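Asker: One structure is given below, represented as structure tokens, and several questions about it will come after.
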Protein chains: 2
Amino acid sequence: MNENNKLASSIGKMPTMADVARVAGVSPMTVSRALRKHQFVSTKTMERIEHAVDQLGYVLDKSAGALSSRRTGFVAALVPSLNNSNFADTVRGITSGLTQSGRQVLLGYTDYSIENEEQLIEGMLRWRPEGIIVTGGRHTARARKLLQNAGIPVIETWDLPPNPIQNVVGFSNAEACRALVYRLYERGYRKIAFLGGTTTRDTRGADRRLGYQRAVDELGLPPGRVISFGSPPISMQQGGEAIVLLLRQWPDVDAVVCVSDLSAFGAIAECQRRGLDVPDRIAIAGFGDFEVARCSHPRITTVAVDAEAIGQLAAGQLIRALDSKDLNTPETLVVPFTVLERESTRKA
Amino acid sequence: MNENNKLASSIGKMPTMADVARVAGVSPMTVSRALRKHQFVSTKTMERIEHAVDQLGYVLDKSAGALSSRRTGFVAALVPSLNNSNFADTVRGITSGLTQSGRQVLLGYTDYSIENEEQLIEGMLRWRPEGIIVTGGRHTARARKLLQNAGIPVIETWDLPPNPIQNVVGFSNAEACRALVYRLYERGYRKIAFLGGTTTRDTRGADRRLGYQRAVDELGLPPGRVISFGSPPISMQQGGEAIVLLLRQWPDVDAVVCVSDLSAFGAIAECQRRGLDVPDRIAIAGFGDFEVARCSHPRITTVAVDAEAIGQLAAGQLIRALDSKDLNTPETLVVPFTVLERESTRKA
DNA sequence: CTGTTAGCGCATTCAG
DNA sequence: CTGAATGCGCTAACAG
């Protein structure tokens, strides 16, 4: 009998809990309990079950368990990209927090498109996640509706949406960038430009530009010095190309705020190639506190946000919402940002 | 009756296919067929079903479908990290190839630990993926066993394992690094050092070191100039710290091969900070063709591998294996690498 | 083109 | 501490 089972499993059909139960001489229910370690099973039967599991090479089928218990253990997480971005850190924060609570993260990246996001949300909802974490506060109308109707905790991150769906873990990109411009102003810079992408696909980038413009207005600085170059998120390479255009258009610029550290780095390297000293000829700042900003020469002035903490906080919020089963008291967590002055804007 | 359903669903229970069927006045099976678009359903009933779906806000439950059809549509993919690494590109290649075929990628990162990998493999197997893509050829004994017994296509990437489990998409990191050292030799460098991490956790890094050592032996160069610094993968920052130790220990070194572009970049920036010209005083090369290597000043000599292509090829291989249901003819795909000489090793 | 029957593999619920 | 009955929501297989 046991022989039969072992044979069957080696032929291609995976063994089931019933197979384990038969080999161990107990009921399937006891196996289920033993494997989940929730309920109590005597040490003796436990051992026999473990032995049977080893013998058969049994692996629990969560998808069946999910159907039965109506708890998939999935959490969906959507980020714009994984490449060279702070979002990879956020994902790490999310997964570390969530896997500890025994949940699986279903990861998707939108490539900075809310249309893609809508598709992904719909696709993930089919797997009945217990919660969903998205990036940003801008979504298609249908995506919003899907999220609202899903009946699960929703967390928007990396932004402070004017109209949150439920929970939020973020900060104001506009405020952060505004603070950076103010700091440059304090250091004596007066002809400050902004370098970013061409569209508002990257809503955080767009918000940063808004913050720049607000600061320039408030401070009475010459406005309109905005270079839009390339489809966001703009790369190091594009940062290098854009700074050339910028200097051609406004040769008197004394400081540039870039939409991210990557474009800032590209801009600095291009300046160095052309013999323009940074920061003596021109100061350049970025955003995000990427590693390259900490290690490059000169080190790059930037705005630091703890991307991993955003993920951890989101995970924590989600777990709490799941435990309390209370979707009625959404909370907004504002994470701090810090302007880090470094060598790339050190006035002589 | 319909009213009842709508009410029930708004109370918290999600509508099921049976609800849709009732509202549309058809059988659940017809709804199932309509929603999958596989089989034929008359335009008329199709419309009624679509209407019912909208009305109820119904979302297909794939986890139930998976159990019934015994096809989850999941593919598991494990990478060492997502942060600042080529693996994010590989993941993009994998997902783009796989989502087109209607499959979901379950992503996991091992943090360069084969023990973590084992845990992740076991965890993912519980979701009954239809295939699994792993990074590298080194696994724990139990992990190997799990993979072999899973009865699904297995693909190892980024390496050429001496003992492949099944399919492989990779290249020889040792050969690639060896080729780089040879190129430096051709350019006249004779005192060539290697800069990498302290352990063999990062097996690809360890292989690169092997390739370096082989080349040095073959060329009769002074051997043993290896700096091991920090737990792999070593960062930009660690690259900067390591180059200081290296120059202290072997001041006559004329070229350094770094285990990755990140550490190479950190090393270069540190040299610049200390007034040591790169490449005139010392040449520095990296590995991986990261964007920073293409944009920095000087641009960094490196070995390029198409990380995204690795992912796409792995996805393609997986889909083919799934379609042919033939796990008996594993294939190894060797992807090319290219040594890219750039400014950081340009001899005066 | 559509419906009926049966069951995927497990966990919940209630009994012992 | 253990077992039996029941059903999660869907789809395969067959029948109309």
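We name chains A, B, ... following the order of the structure tokens; residues begin at 1 in each chain, and ligands are numbered from 1 as shown.
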Leaving out region 200-215 of chain B and any residue of its chain fewer than 4 positions from it, which residues lie within 8 Å of it when counting only C-alpha atoms (C1' of nucleotides), given as a PDB file with N, CA and C atoms, in the first residue's frame?
Answerer:
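This is the output file around_8.pdb:
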ATOM      1  N   TYR B 112      22.010  36.581  -1.335  1.00  0.00           N
ATOM      2  CA  TYR B 112      23.292  35.898  -1.563  1.00  0.00           C
ATOM      3  C   TYR B 112      23.552  34.736  -0.617  1.00  0.00           C
ATOM      4  N   SER B 113      22.493  34.164  -0.055  1.00  0.00           N
ATOM      5  CA  SER B 113      22.704  33.054   0.862  1.00  0.00           C
ATOM      6  C   SER B 113      21.990  31.812   0.351  1.00  0.00           C
ATOM      7  N   ILE B 114      22.730  30.716   0.227  1.00  0.00           N
ATOM      8  CA  ILE B 114      22.080  29.511  -0.283  1.00  0.00           C
ATOM      9  C   ILE B 114      21.183  28.886   0.784  1.00  0.00           C
ATOM     10  N   GLY B 136      22.523  31.098 -10.271  1.00  0.00           N
ATOM     11  CA  GLY B 136      23.722  30.375  -9.880  1.00  0.00           C
ATOM     12  C   GLY B 136      23.532  28.875  -9.846  1.00  0.00           C
ATOM     13  N   ARG B 138      25.132  26.918  -7.372  1.00  0.00           N
ATOM     14  CA  ARG B 138      25.456  26.351  -6.076  1.00  0.00           C
ATOM     15  C   ARG B 138      24.227  26.391  -5.188  1.00  0.00           C
ATOM     16  N   TRP B 158      22.973  32.743 -14.884  1.00  0.00           N
ATOM     17  CA  TRP B 158      24.123  33.558 -14.488  1.00  0.00           C
ATOM     18  C   TRP B 158      25.374  32.753 -14.180  1.00  0.00           C
ATOM     19  N   ASP B 159      25.387  31.513 -14.566  1.00  0.00           N
ATOM     20  CA  ASP B 159      26.516  30.658 -14.243  1.00  0.00           C
ATOM     21  C   ASP B 159      26.523  29.502 -15.220  1.00  0.00           C
ATOM     22  N   SER B 172      30.427  31.777 -18.252  1.00  0.00           N
ATOM     23  CA  SER B 172      31.472  31.520 -17.268  1.00  0.00           C
ATOM     24  C   SER B 172      32.023  32.822 -16.734  1.00  0.00           C
ATOM     25  N   ASN B 173      31.722  33.119 -15.493  1.00  0.00           N
ATOM     26  CA  ASN B 173      32.257  34.317 -14.878  1.00  0.00           C
ATOM     27  C   ASN B 173      33.783  34.270 -14.821  1.00  0.00           C
ATOM     28  N   ALA B 174      34.312  33.072 -14.629  1.00  0.00           N
ATOM     29  CA  ALA B 174      35.768  32.926 -14.573  1.00  0.00           C
ATOM     30  C   ALA B 174      36.386  33.286 -15.922  1.00  0.00           C
ATOM     31  N   GLU B 175      35.816  32.742 -16.989  1.00  0.00           N
ATOM     32  CA  GLU B 175      36.343  33.034 -18.321  1.00  0.00           C
ATOM     33  C   GLU B 175      36.258  34.521 -18.631  1.00  0.00           C
ATOM     34  N   ALA B 176      35.158  35.113 -18.253  1.00  0.00           N
ATOM     35  CA  ALA B 176      34.947  36.524 -18.547  1.00  0.00           C
ATOM     36  C   ALA B 176      35.992  37.382 -17.839  1.00  0.00           C
ATOM     37  N   CYS B 177      36.254  37.056 -16.601  1.00  0.00           N
ATOM     38  CA  CYS B 177      37.213  37.849 -15.848  1.00  0.00           C
ATOM     39  C   CYS B 177      38.624  37.589 -16.360  1.00  0.00           C
ATOM     40  N   ARG B 178      38.861  36.354 -16.736  1.00  0.00           N
ATOM     41  CA  ARG B 178      40.160  36.001 -17.311  1.00  0.00           C
ATOM     42  C   ARG B 178      40.404  36.822 -18.581  1.00  0.00           C
ATOM     43  N   ALA B 179      39.391  36.926 -19.409  1.00  0.00           N
ATOM     44  CA  ALA B 179      39.516  37.694 -20.651  1.00  0.00           C
ATOM     45  C   ALA B 179      39.846  39.156 -20.357  1.00  0.00           C
ATOM     46  N   VAL B 181      41.490  40.321 -17.739  1.00  0.00           N
ATOM     47  CA  VAL B 181      42.899  40.420 -17.327  1.00  0.00           C
ATOM     48  C   VAL B 181      43.824  40.316 -18.545  1.00  0.00           C
ATOM     49  N   TYR B 182      43.505  39.432 -19.442  1.00  0.00           N
ATOM     50  CA  TYR B 182      44.306  39.319 -20.659  1.00  0.00           C
ATOM     51  C   TYR B 182      44.322  40.639 -21.426  1.00  0.00           C
ATOM     52  N   PHE B 194      43.435  42.171  -7.828  1.00  0.00           N
ATOM     53  CA  PHE B 194      42.001  41.883  -7.836  1.00  0.00           C
ATOM     54  C   PHE B 194      41.385  42.355  -6.534  1.00  0.00           C
ATOM     55  N   GLY B 196      37.905  42.150  -4.294  1.00  0.00           N
ATOM     56  CA  GLY B 196      36.596  41.504  -4.156  1.00  0.00           C
ATOM     57  C   GLY B 196      36.191  41.317  -2.708  1.00  0.00           C
ATOM     58  N   LEU B 219      49.906  34.039 -17.368  1.00  0.00           N
ATOM     59  CA  LEU B 219      50.709  35.113 -17.946  1.00  0.00           C
ATOM     60  C   LEU B 219      52.016  35.331 -17.193  1.00  0.00           C
ATOM     61  N   PRO B 223      51.736  37.037  -8.590  1.00  0.00           N
ATOM     62  CA  PRO B 223      50.448  36.540  -8.120  1.00  0.00           C
ATOM     63  C   PRO B 223      50.101  37.046  -6.726  1.00  0.00           C
ATOM     64  N   GLY B 224      48.951  36.676  -6.291  1.00  0.00           N
ATOM     65  CA  GLY B 224      48.582  36.899  -4.901  1.00  0.00           C
ATOM     66  C   GLY B 224      48.152  38.302  -4.571  1.00  0.00           C
ATOM     67  N   PRO B 232      30.391  40.048   0.605  1.00  0.00           N
ATOM     68  CA  PRO B 232      29.842  40.320  -0.722  1.00  0.00           C
ATOM     69  C   PRO B 232      28.327  40.411  -0.682  1.00  0.00           C
ATOM     70  N   PRO B 233      27.708  41.134  -1.616  1.00  0.00           N
ATOM     71  CA  PRO B 233      28.375  41.886  -2.682  1.00  0.00           C
ATOM     72  C   PRO B 233      28.941  43.179  -2.134  1.00  0.00           C
ATOM     73  N   VAL B 259      35.536  43.261  -8.585  1.00  0.00           N
ATOM     74  CA  VAL B 259      34.545  42.201  -8.751  1.00  0.00           C
ATOM     75  C   VAL B 259      33.254  42.717  -9.385  1.00  0.00           C
TER      76      VAL B 259
END
Asker: Please identify all residues of chain C having at least one atom at most 12 Å from any atom of chain B, considering only C-alpha atoms (C1' of nucleotides), and return them as a PDB file with N, CA and C atoms (P, O5', C5', C4', C3', O3' and C1' of nucleotides), in the first residue's frame.
Answerer:
ATOM      1  P    DC C   1     -20.415  29.480 -31.607  1.00  0.00           P
ATOM      2  O5'  DC C   1     -21.139  28.973 -30.305  1.00  0.00           O
ATOM      3  C5'  DC C   1     -22.070  29.768 -29.632  1.00  0.00           C
ATOM      4  C4'  DC C   1     -22.922  28.828 -28.829  1.00  0.00           C
ATOM      5  C3'  DC C   1     -22.762  28.998 -27.322  1.00  0.00           C
ATOM      6  O3'  DC C   1     -23.963  29.617 -26.849  1.00  0.00           O
ATOM      7  C1'  DC C   1     -22.950  26.707 -28.002  1.00  0.00           C
ATOM      8  P    DT C   2     -24.046  30.167 -25.400  1.00  0.00           P
ATOM      9  O5'  DT C   2     -24.350  28.897 -24.505  1.00  0.00           O
ATOM     10  C5'  DT C   2     -25.684  28.433 -24.404  1.00  0.00           C
ATOM     11  C4'  DT C   2     -25.703  27.162 -23.603  1.00  0.00           C
ATOM     12  C3'  DT C   2     -25.347  27.311 -22.129  1.00  0.00           C
ATOM     13  O3'  DT C   2     -26.561  27.279 -21.410  1.00  0.00           O
ATOM     14  C1'  DT C   2     -24.499  25.296 -23.101  1.00  0.00           C
ATOM     15  P    DG C   3     -26.555  27.502 -19.829  1.00  0.00           P
ATOM     16  O5'  DG C   3     -26.569  26.024 -19.245  1.00  0.00           O
ATOM     17  C5'  DG C   3     -27.641  25.170 -19.562  1.00  0.00           C
ATOM     18  C4'  DG C   3     -27.339  23.759 -19.110  1.00  0.00           C
ATOM     19  C3'  DG C   3     -27.077  23.622 -17.607  1.00  0.00           C
ATOM     20  O3'  DG C   3     -27.931  22.610 -17.086  1.00  0.00           O
ATOM     21  C1'  DG C   3     -25.378  22.533 -18.880  1.00  0.00           C
ATOM     22  P    DT C   4     -28.060  22.420 -15.495  1.00  0.00           P
ATOM     23  O5'  DT C   4     -27.448  20.987 -15.254  1.00  0.00           O
ATOM     24  C5'  DT C   4     -27.418  20.024 -16.288  1.00  0.00           C
ATOM     25  C4'  DT C   4     -26.696  18.765 -15.813  1.00  0.00           C
ATOM     26  C3'  DT C   4     -26.549  18.622 -14.298  1.00  0.00           C
ATOM     27  O3'  DT C   4     -26.735  17.261 -13.967  1.00  0.00           O
ATOM     28  C1'  DT C   4     -24.392  18.659 -15.311  1.00  0.00           C
ATOM     29  P    DT C   5     -26.798  16.791 -12.421  1.00  0.00           P
ATOM     30  O5'  DT C   5     -25.328  16.182 -12.296  1.00  0.00           O
ATOM     31  C5'  DT C   5     -24.905  15.200 -13.240  1.00  0.00           C
ATOM     32  C4'  DT C   5     -23.467  14.803 -12.962  1.00  0.00           C
ATOM     33  C3'  DT C   5     -23.130  14.583 -11.485  1.00  0.00           C
ATOM     34  O3'  DT C   5     -22.442  13.358 -11.385  1.00  0.00           O
ATOM     35  C1'  DT C   5     -21.585  16.075 -12.434  1.00  0.00           C
ATOM     36  P    DA C   6     -22.116  12.719  -9.959  1.00  0.00           P
ATOM     37  O5'  DA C   6     -20.584  13.122  -9.809  1.00  0.00           O
ATOM     38  C5'  DA C   6     -19.675  12.719 -10.834  1.00  0.00           C
ATOM     39  C4'  DA C   6     -18.358  13.413 -10.606  1.00  0.00           C
ATOM     40  C3'  DA C   6     -17.838  13.284  -9.168  1.00  0.00           C
ATOM     41  O3'  DA C   6     -16.569  12.677  -9.252  1.00  0.00           O
ATOM     42  C1'  DA C   6     -17.684  15.521  -9.932  1.00  0.00           C
ATOM     43  P    DG C   7     -15.941  12.096  -7.878  1.00  0.00           P
ATOM     44  O5'  DG C   7     -14.737  13.105  -7.676  1.00  0.00           O
ATOM     45  C5'  DG C   7     -13.911  13.393  -8.789  1.00  0.00           C
ATOM     46  C4'  DG C   7     -13.127  14.632  -8.473  1.00  0.00           C
ATOM     47  C3'  DG C   7     -12.557  14.653  -7.043  1.00  0.00           C
ATOM     48  O3'  DG C   7     -11.212  15.039  -7.131  1.00  0.00           O
ATOM     49  C1'  DG C   7     -13.671  16.647  -7.494  1.00  0.00           C
ATOM     50  P    DC C   8     -10.172  14.573  -6.100  1.00  0.00           P
ATOM     51  O5'  DC C   8      -9.041  15.674  -6.351  1.00  0.00           O
ATOM     52  C5'  DC C   8      -8.565  15.963  -7.664  1.00  0.00           C
ATOM     53  C4'  DC C   8      -8.091  17.406  -7.679  1.00  0.00           C
ATOM     54  C3'  DC C   8      -7.366  17.802  -6.415  1.00  0.00           C
ATOM     55  O3'  DC C   8      -5.959  17.734  -6.660  1.00  0.00           O
ATOM     56  C1'  DC C   8      -9.008  19.461  -7.072  1.00  0.00           C
ATOM     57  P    DG C   9      -5.073  16.684  -5.849  1.00  0.00           P
ATOM     58  O5'  DG C   9      -4.848  17.432  -4.467  1.00  0.00           O
ATOM     59  C5'  DG C   9      -4.179  18.680  -4.438  1.00  0.00           C
ATOM     60  C4'  DG C   9      -4.465  19.338  -3.110  1.00  0.00           C
ATOM     61  C3'  DG C   9      -4.127  18.466  -1.900  1.00  0.00           C
ATOM     62  O3'  DG C   9      -3.256  19.210  -1.072  1.00  0.00           O
ATOM     63  C1'  DG C   9      -6.292  19.373  -1.709  1.00  0.00           C
ATOM     64  P    DC C  10      -2.729  18.709   0.325  1.00  0.00           P
ATOM     65  O5'  DC C  10      -3.616  19.546   1.325  1.00  0.00           O
ATOM     66  C5'  DC C  10      -3.410  20.947   1.387  1.00  0.00           C
ATOM     67  C4'  DC C  10      -4.672  21.631   1.860  1.00  0.00           C
ATOM     68  C3'  DC C  10      -4.899  21.598   3.358  1.00  0.00           C
ATOM     69  O3'  DC C  10      -4.393  22.819   3.900  1.00  0.00           O
ATOM     70  C1'  DC C  10      -6.927  21.296   2.093  1.00  0.00           C
TER      71       DC C  10
END
Asker: Please report, as number ranges by chain, each residue of region 151-263 of chain A to which DSSP assigns helix (DSSP H, G or I) when run on this structure's backbone.
Answerer: A: 173-186, 203-219, 236-249, 261-263
Asker: Could you take the residues named above and write them with N, CA and C atoms, as a compact mmCIF listing (two decimals), in the first residue's frame?
Answerer:
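Okay, selection33.txt is ready:
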# COMPACT_ATOMS: atom_id res chain seq x y z
N ASN A 173 6.82 65.10 -1.65
CA ASN A 173 7.96 65.30 -2.52
C ASN A 173 8.14 66.78 -2.84
N ALA A 174 7.01 67.47 -2.95
CA ALA A 174 7.09 68.91 -3.24
C ALA A 174 7.77 69.65 -2.09
N GLU A 175 7.34 69.36 -0.87
CA GLU A 175 7.93 70.02 0.29
C GLU A 175 9.42 69.72 0.39
N ALA A 176 9.77 68.48 0.12
CA ALA A 176 11.17 68.07 0.24
C ALA A 176 12.03 68.83 -0.75
N CYS A 177 11.53 68.95 -1.97
CA CYS A 177 12.32 69.63 -2.99
C CYS A 177 12.38 71.13 -2.70
N ARG A 178 11.26 71.64 -2.20
CA ARG A 178 11.23 73.05 -1.82
C ARG A 178 12.28 73.32 -0.74
N ALA A 179 12.38 72.44 0.22
CA ALA A 179 13.36 72.61 1.29
C ALA A 179 14.78 72.63 0.73
N LEU A 180 15.01 71.81 -0.26
CA LEU A 180 16.34 71.76 -0.88
C LEU A 180 16.68 73.09 -1.54
N VAL A 181 15.71 73.63 -2.27
CA VAL A 181 15.94 74.92 -2.94
C VAL A 181 16.20 76.01 -1.91
N TYR A 182 15.44 76.01 -0.84
CA TYR A 182 15.67 76.99 0.23
C TYR A 182 17.09 76.88 0.78
N ARG A 183 17.55 75.65 0.94
CA ARG A 183 18.89 75.48 1.49
C ARG A 183 19.95 76.05 0.54
N LEU A 184 19.73 75.83 -0.74
CA LEU A 184 20.67 76.37 -1.71
C LEU A 184 20.64 77.90 -1.67
N TYR A 185 19.45 78.42 -1.51
CA TYR A 185 19.30 79.87 -1.42
C TYR A 185 20.08 80.41 -0.21
N GLU A 186 19.93 79.75 0.90
CA GLU A 186 20.67 80.15 2.11
C GLU A 186 22.17 80.16 1.89
N THR A 203 4.99 60.75 -11.06
CA THR A 203 4.29 61.78 -10.29
C THR A 203 5.15 62.34 -9.18
N ARG A 204 6.03 61.52 -8.63
CA ARG A 204 6.91 62.04 -7.60
C ARG A 204 7.88 63.06 -8.19
N GLY A 205 8.37 62.77 -9.38
CA GLY A 205 9.22 63.72 -10.08
C GLY A 205 8.47 65.02 -10.36
N ALA A 206 7.24 64.88 -10.78
CA ALA A 206 6.42 66.06 -11.08
C ALA A 206 6.21 66.89 -9.81
N ASP A 207 5.98 66.22 -8.71
CA ASP A 207 5.80 66.93 -7.43
C ASP A 207 7.07 67.68 -7.03
N ARG A 208 8.19 67.06 -7.28
CA ARG A 208 9.44 67.72 -6.93
C ARG A 208 9.60 69.00 -7.73
N ARG A 209 9.22 68.93 -9.00
CA ARG A 209 9.30 70.14 -9.81
C ARG A 209 8.37 71.22 -9.26
N LEU A 210 7.19 70.81 -8.85
CA LEU A 210 6.26 71.77 -8.25
C LEU A 210 6.88 72.46 -7.04
N GLY A 211 7.53 71.65 -6.21
CA GLY A 211 8.16 72.21 -5.01
C GLY A 211 9.25 73.21 -5.38
N TYR A 212 10.00 72.87 -6.41
CA TYR A 212 11.04 73.79 -6.91
C TYR A 212 10.41 75.11 -7.33
N GLN A 213 9.33 74.98 -8.11
CA GLN A 213 8.71 76.20 -8.63
C GLN A 213 8.13 77.07 -7.52
N ARG A 214 7.55 76.41 -6.54
CA ARG A 214 6.99 77.15 -5.42
C ARG A 214 8.09 77.93 -4.70
N ALA A 215 9.20 77.22 -4.45
CA ALA A 215 10.30 77.87 -3.73
C ALA A 215 10.83 79.07 -4.52
N VAL A 216 11.01 78.87 -5.82
CA VAL A 216 11.54 79.95 -6.65
C VAL A 216 10.60 81.16 -6.62
N ASP A 217 9.31 80.88 -6.69
CA ASP A 217 8.33 81.96 -6.60
C ASP A 217 8.44 82.69 -5.27
N GLU A 218 8.42 81.93 -4.22
CA GLU A 218 8.43 82.52 -2.88
C GLU A 218 9.67 83.36 -2.62
N LEU A 219 10.80 82.88 -3.20
CA LEU A 219 12.07 83.55 -2.93
C LEU A 219 12.34 84.67 -3.92
N MET A 236 21.11 58.45 -15.69
CA MET A 236 22.38 59.15 -15.57
C MET A 236 22.74 59.79 -16.90
N GLN A 237 22.66 58.97 -17.92
CA GLN A 237 23.00 59.41 -19.27
C GLN A 237 22.19 60.64 -19.67
N GLN A 238 20.89 60.58 -19.41
CA GLN A 238 20.03 61.71 -19.78
C GLN A 238 20.34 62.93 -18.94
N GLY A 239 20.73 62.71 -17.69
CA GLY A 239 21.15 63.83 -16.86
C GLY A 239 22.34 64.55 -17.50
N GLY A 240 23.26 63.77 -18.04
CA GLY A 240 24.42 64.34 -18.71
C GLY A 240 24.03 65.14 -19.95
N GLU A 241 23.11 64.60 -20.72
CA GLU A 241 22.70 65.31 -21.93
C GLU A 241 21.93 66.58 -21.59
N ALA A 242 21.11 66.47 -20.54
CA ALA A 242 20.25 67.60 -20.19
C ALA A 242 21.05 68.78 -19.67
N ILE A 243 22.11 68.49 -18.91
CA ILE A 243 22.87 69.61 -18.33
C ILE A 243 23.52 70.44 -19.43
N VAL A 244 23.85 69.80 -20.52
CA VAL A 244 24.45 70.52 -21.64
C VAL A 244 23.45 71.52 -22.22
N LEU A 245 22.22 71.04 -22.42
CA LEU A 245 21.17 71.93 -22.92
C LEU A 245 20.92 73.07 -21.94
N LEU A 246 20.90 72.69 -20.69
CA LEU A 246 20.60 73.69 -19.67
C LEU A 246 21.63 74.82 -19.67
N LEU A 247 22.89 74.43 -19.74
CA LEU A 247 23.96 75.44 -19.69
C LEU A 247 23.97 76.28 -20.96
N ARG A 248 23.53 75.70 -22.05
CA ARG A 248 23.47 76.46 -23.28
C ARG A 248 22.36 77.52 -23.17
N GLN A 249 21.23 77.10 -22.59
CA GLN A 249 20.08 77.98 -22.52
C GLN A 249 20.23 79.08 -21.46
N ASP A 261 19.14 61.59 -7.85
CA ASP A 261 20.59 61.51 -7.76
C ASP A 261 21.21 60.96 -9.04
N LEU A 262 20.48 60.10 -9.72
CA LEU A 262 21.05 59.49 -10.91
C LEU A 262 21.28 60.55 -11.98
N SER A 263 20.27 61.37 -12.24
CA SER A 263 20.46 62.42 -13.24
C SER A 263 21.49 63.43 -12.74
Asker: Over all C-alpha pairs taken in order, what is the RMSD once chain A has been least-squares superposed onto chain B?
Answerer: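 With chain A fitted onto chain B, the C-alpha RMSD reads 0.1 Å.
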Asker: Determine which residues of region 106-281 of chain A DSSP labels as strand (DSSP E or B) from the backbone of this structure, then write them out as a PyMOL selection string.
Answerer: chain A and resi 106-109+131-135+154-157+167-170+192-196+226-228+255-258
Asker: Output as a PyMOL selection string the set of chain A residues within 7 Å of chain B, with distances taken over only C-alpha atoms.
Answerer: chain A and resi 12+59-64+67+82-84+88-89+106-107+126-128+151+236-237+266+269+273+295-297
Asker: Write out as a compact mmCIF listing (two decimals) with all heavy atoms, in the first residue's frame which residues come within 12 Å of DA5 (chain D) when counting only C-alpha atoms (C1' of nucleotides), dropping same-chain ones fewer than 5 positions away.
Answerer:
# COMPACT_ATOMS: atom_id res chain seq x y z
N MET A 29 -6.53 15.13 8.80
CA MET A 29 -6.68 16.29 9.66
C MET A 29 -5.51 16.42 10.62
O MET A 29 -5.02 17.53 10.88
CB MET A 29 -7.98 16.15 10.45
CG MET A 29 -8.47 17.43 11.02
SD MET A 29 -8.58 18.70 9.76
CE MET A 29 -7.53 19.95 10.47
P DT C 12 -8.61 26.86 9.24
OP1 DT C 12 -8.07 28.22 9.12
OP2 DT C 12 -8.04 25.90 10.22
O5' DT C 12 -10.18 26.95 9.50
C5' DT C 12 -11.05 27.24 8.41
C4' DT C 12 -12.45 26.73 8.70
O4' DT C 12 -12.51 25.32 8.34
C3' DT C 12 -12.88 26.82 10.16
O3' DT C 12 -14.18 27.43 10.21
C2' DT C 12 -12.92 25.37 10.64
C1' DT C 12 -13.21 24.62 9.35
N1 DT C 12 -12.69 23.23 9.26
C2 DT C 12 -13.54 22.21 8.88
O2 DT C 12 -14.71 22.39 8.62
N3 DT C 12 -12.95 20.98 8.80
C4 DT C 12 -11.63 20.66 9.06
O4 DT C 12 -11.23 19.52 8.95
C5 DT C 12 -10.81 21.77 9.46
C7 DT C 12 -9.36 21.53 9.77
C6 DT C 12 -11.36 22.99 9.55
P DT C 13 -14.78 27.89 11.63
OP1 DT C 13 -15.63 29.06 11.35
OP2 DT C 13 -13.69 27.95 12.62
O5' DT C 13 -15.72 26.66 12.03
C5' DT C 13 -16.72 26.20 11.13
C4' DT C 13 -17.26 24.87 11.61
O4' DT C 13 -16.28 23.84 11.35
C3' DT C 13 -17.54 24.83 13.12
O3' DT C 13 -18.93 24.59 13.30
C2' DT C 13 -16.67 23.70 13.65
C1' DT C 13 -16.40 22.87 12.38
N1 DT C 13 -15.15 22.07 12.36
C2 DT C 13 -15.20 20.76 11.95
O2 DT C 13 -16.22 20.21 11.62
N3 DT C 13 -13.99 20.11 11.95
C4 DT C 13 -12.75 20.63 12.31
O4 DT C 13 -11.74 19.94 12.26
C5 DT C 13 -12.77 22.00 12.73
C7 DT C 13 -11.50 22.67 13.16
C6 DT C 13 -13.95 22.66 12.74
P DC C 14 -19.61 24.88 14.75
OP1 DC C 14 -20.95 25.42 14.48
OP2 DC C 14 -18.67 25.58 15.66
O5' DC C 14 -19.77 23.39 15.29
C5' DC C 14 -20.50 22.46 14.50
C4' DC C 14 -19.99 21.06 14.74
O4' DC C 14 -18.57 21.02 14.51
C3' DC C 14 -20.20 20.53 16.16
O3' DC C 14 -21.10 19.45 16.09
C2' DC C 14 -18.81 20.08 16.61
C1' DC C 14 -18.08 19.94 15.27
N1 DC C 14 -16.61 20.04 15.40
C2 DC C 14 -15.81 18.97 14.97
O2 DC C 14 -16.35 17.97 14.49
N3 DC C 14 -14.46 19.05 15.09
C4 DC C 14 -13.91 20.15 15.62
N4 DC C 14 -12.58 20.19 15.71
C5 DC C 14 -14.69 21.26 16.05
C6 DC C 14 -16.03 21.16 15.93
P DA C 15 -21.99 19.12 17.45
OP1 DA C 15 -23.41 19.25 17.14
OP2 DA C 15 -21.41 19.81 18.64
O5' DA C 15 -21.65 17.57 17.61
C5' DA C 15 -20.31 17.28 17.74
C4' DA C 15 -19.96 15.90 17.27
O4' DA C 15 -18.63 15.98 16.78
C3' DA C 15 -19.94 14.91 18.44
O3' DA C 15 -20.14 13.60 17.99
C2' DA C 15 -18.53 15.10 19.00
C1' DA C 15 -17.72 15.45 17.73
N9 DA C 15 -16.68 16.45 18.04
C8 DA C 15 -16.84 17.74 18.48
N7 DA C 15 -15.72 18.38 18.68
C5 DA C 15 -14.75 17.45 18.35
C6 DA C 15 -13.35 17.49 18.34
N6 DA C 15 -12.67 18.56 18.71
N1 DA C 15 -12.69 16.37 17.96
C2 DA C 15 -13.37 15.30 17.59
N3 DA C 15 -14.69 15.12 17.54
C4 DA C 15 -15.32 16.25 17.94
